[in-house]
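Report on the structure given below.
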Amino acid sequence: MGNRAYNFNAGPAALPLEVLEQAQKEFVDFRGIGMSIMEISHRSAEYEAVNNETQSLLKELFSIPDGYKVLFLQGGASTQFTMIPMNFLQAGQTAAYVQSGAWADKAIKEAKLFGETAVVASSKDQKFMRMPDLGALNLSDQTAYLHVTSNETIEGSQVQSYPDTGSIPLIADMSSDILSRPVDVSKFGLIYAGAQKNLGPSGVTVVILREDMLERANANLPTMFRYDTHVKNDSLYNTPPSYSVYMINLVLHWIKRQGGLAALEKINRDKTDLIYNTIDASGGFYQGCVDADSRSRMNITFRLQSEELEKLFVKESQANGFVGLKGHRSVGGLRASTYNAVPYESCQALAQFMNDFSKRNG
């Protein structure tokens, strides 16, 4: 397949080429049924098989222990910002949040609409250029849950290790780094992720829910906003985003062929080291935004000496086949998103382009 762009988009983001090719091959006729998967009933045996297999694959690859449910929901991670406090923040309790960047801020803003919230760790004073220290959190017995954002896509920081919260449920938005490395799922009451960065196309949100969380949930909610609705109906209460779930299925098979999460973690490290090393060896021509010990393996953020130079970098990179290197409008600068499906070769090409650009403009 010639002429594929070097895709560093932040989301929707790169998908593995072999996944796209398989989807293309099965697009009109899904496994000999004479119809596309997009055309069949979500109550059909064929779709049910895809739904079940996708849950099983996720459990296997992410080492999800017994006692957890995998759900495929709609509305993006942004709807989860609302559903979590709606379901789990009761009167007399406080929801604890780690304020680590733009996405954590959005989650906090939604929670405040439903009850008492507390920011228990923050790196706002450092302009979110590091992850807050999660080692010494002071959580009261009235804490409904602790919410963390595993990877801040906009600023480019990532949690390096998760706190042990005892009997207080730990909840994580893993939208931008899920399945990029092994994680001890048993530490969490709930994990959620919009698919469009590391799992598949937009349209489906994965929720991994510890079943005993349902005992804490508010029963007086609209049907669609209750987790137990989706648990009881195996994510088929209403029409699911069936094509997006099918695409996640193909991506999970691809992850398995790569050797699973330990193998992917090593590949992701090797990929991002190419770019971080280029930044660090540039004598200050490039400056990494985030403190070295908080750097993300999914979103590399960096700056040049001037905005003029950054504009030139974006312009020249586009002319050379690179897509998505402009930083988020709220922070400026430059950003390379290096999710699982971004190939090593793309990162190699970017490091080479960066070296060449600094020689010409340094």
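Letters A, B, ... go to the chains of the structure tokens in the order shown; residues in each chain start at 1; ligands are counted from 1 in the same order.
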
Query raised in the report: Skipping near chain neighbours, those fewer than 3 positions away, what residues fall within 12 Å of Glu211 in chain A using only C-alpha atoms, listed as an MDAnalysis selection string?
Result: chainID A and resid 65:71 169 186 188:190 207:208 214:217 227:228 230:232

**Report entry** Residues of range 121-241 of chain A in strand (DSSP E), written as a list in words
**Finding:**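 Across range 121-241 of chain A, those assigned strand (DSSP E) are Ala121, Ser122, Thr143, Ala144, Tyr145, Leu146, His147, Val148, Thr149, Asn151, Glu152, Ser157, Gln158, Leu170, Ile171, Ala172, Asp173, Leu190, Ile191, Tyr192, Ala193, Gly194, Thr205, Val206, Val207, Ile208, Leu209 and Arg210 of chain A.
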
Query raised in the report: Given the choices A:Gly166, A:Pro343, A:Gly76, A:Gly260, which gets closest to Ala193 in chain A if the distance is worked out from only C-alpha atoms?
Result: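 Going through A:Gly166, A:Pro343, A:Gly76, A:Gly260 one by one, the smallest distance to Ala193 in chain A is for A:Gly76.
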
Report task. Tell me which of A:Phe313, A:Phe357, A:Tyr276, A:Tyr246 sits closest to Val290 in chain A, counting only C-alpha atoms. Result ->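 The closest residue to Val290 in chain A is A:Tyr276.
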
Query raised in the report: Neighbours of range 286-288 of chain A within 8 Å (only C-alpha atoms; same-chain residues fewer than 6 positions away dropped), as a ChimeraX atom specification?
Result: /A:276,279-280,300-305

Go ahead and dump the residues you just picked, N, CA, C and O atoms, as a CSV table (one decimal), in the first residue's frame.
```csv
chain,number,residue,atom,x,y,z
A,276,TYR,N,12.3,11.5,21.6
A,276,TYR,CA,12.8,12.1,22.8
A,276,TYR,C,14.3,12.3,22.8
A,276,TYR,O,14.8,13.4,23.2
A,279,ILE,N,15.1,15.3,20.6
A,279,ILE,CA,14.8,16.5,21.4
A,279,ILE,C,16.0,16.8,22.3
A,279,ILE,O,16.5,17.9,22.4
A,280,ASP,N,16.3,15.8,23.1
A,280,ASP,CA,17.3,16.0,24.2
A,280,ASP,C,18.7,16.3,23.7
A,280,ASP,O,19.5,16.9,24.3
A,300,ILE,N,4.0,13.1,22.5
A,300,ILE,CA,5.3,13.8,22.7
A,300,ILE,C,5.1,15.3,22.4
A,300,ILE,O,4.8,15.6,21.3
A,301,THR,N,5.2,16.1,23.4
A,301,THR,CA,5.0,17.6,23.2
A,301,THR,C,6.3,18.3,23.3
A,301,THR,O,7.2,18.0,24.1
A,302,PHE,N,6.6,19.2,22.3
A,302,PHE,CA,7.8,19.9,22.3
A,302,PHE,C,7.7,21.3,21.7
A,302,PHE,O,6.6,21.6,21.0
A,303,ARG,N,8.7,22.2,21.9
A,303,ARG,CA,8.6,23.5,21.4
A,303,ARG,C,9.9,23.9,20.7
A,303,ARG,O,10.9,23.2,20.9
A,304,LEU,N,9.8,24.9,19.9
A,304,LEU,CA,11.0,25.5,19.3
A,304,LEU,C,11.2,26.9,19.8
A,304,LEU,O,10.4,27.3,20.6
A,305,GLN,N,12.3,27.6,19.4
A,305,GLN,CA,12.6,28.9,20.0
A,305,GLN,C,11.5,30.0,19.7
A,305,GLN,O,11.3,30.9,20.5
```
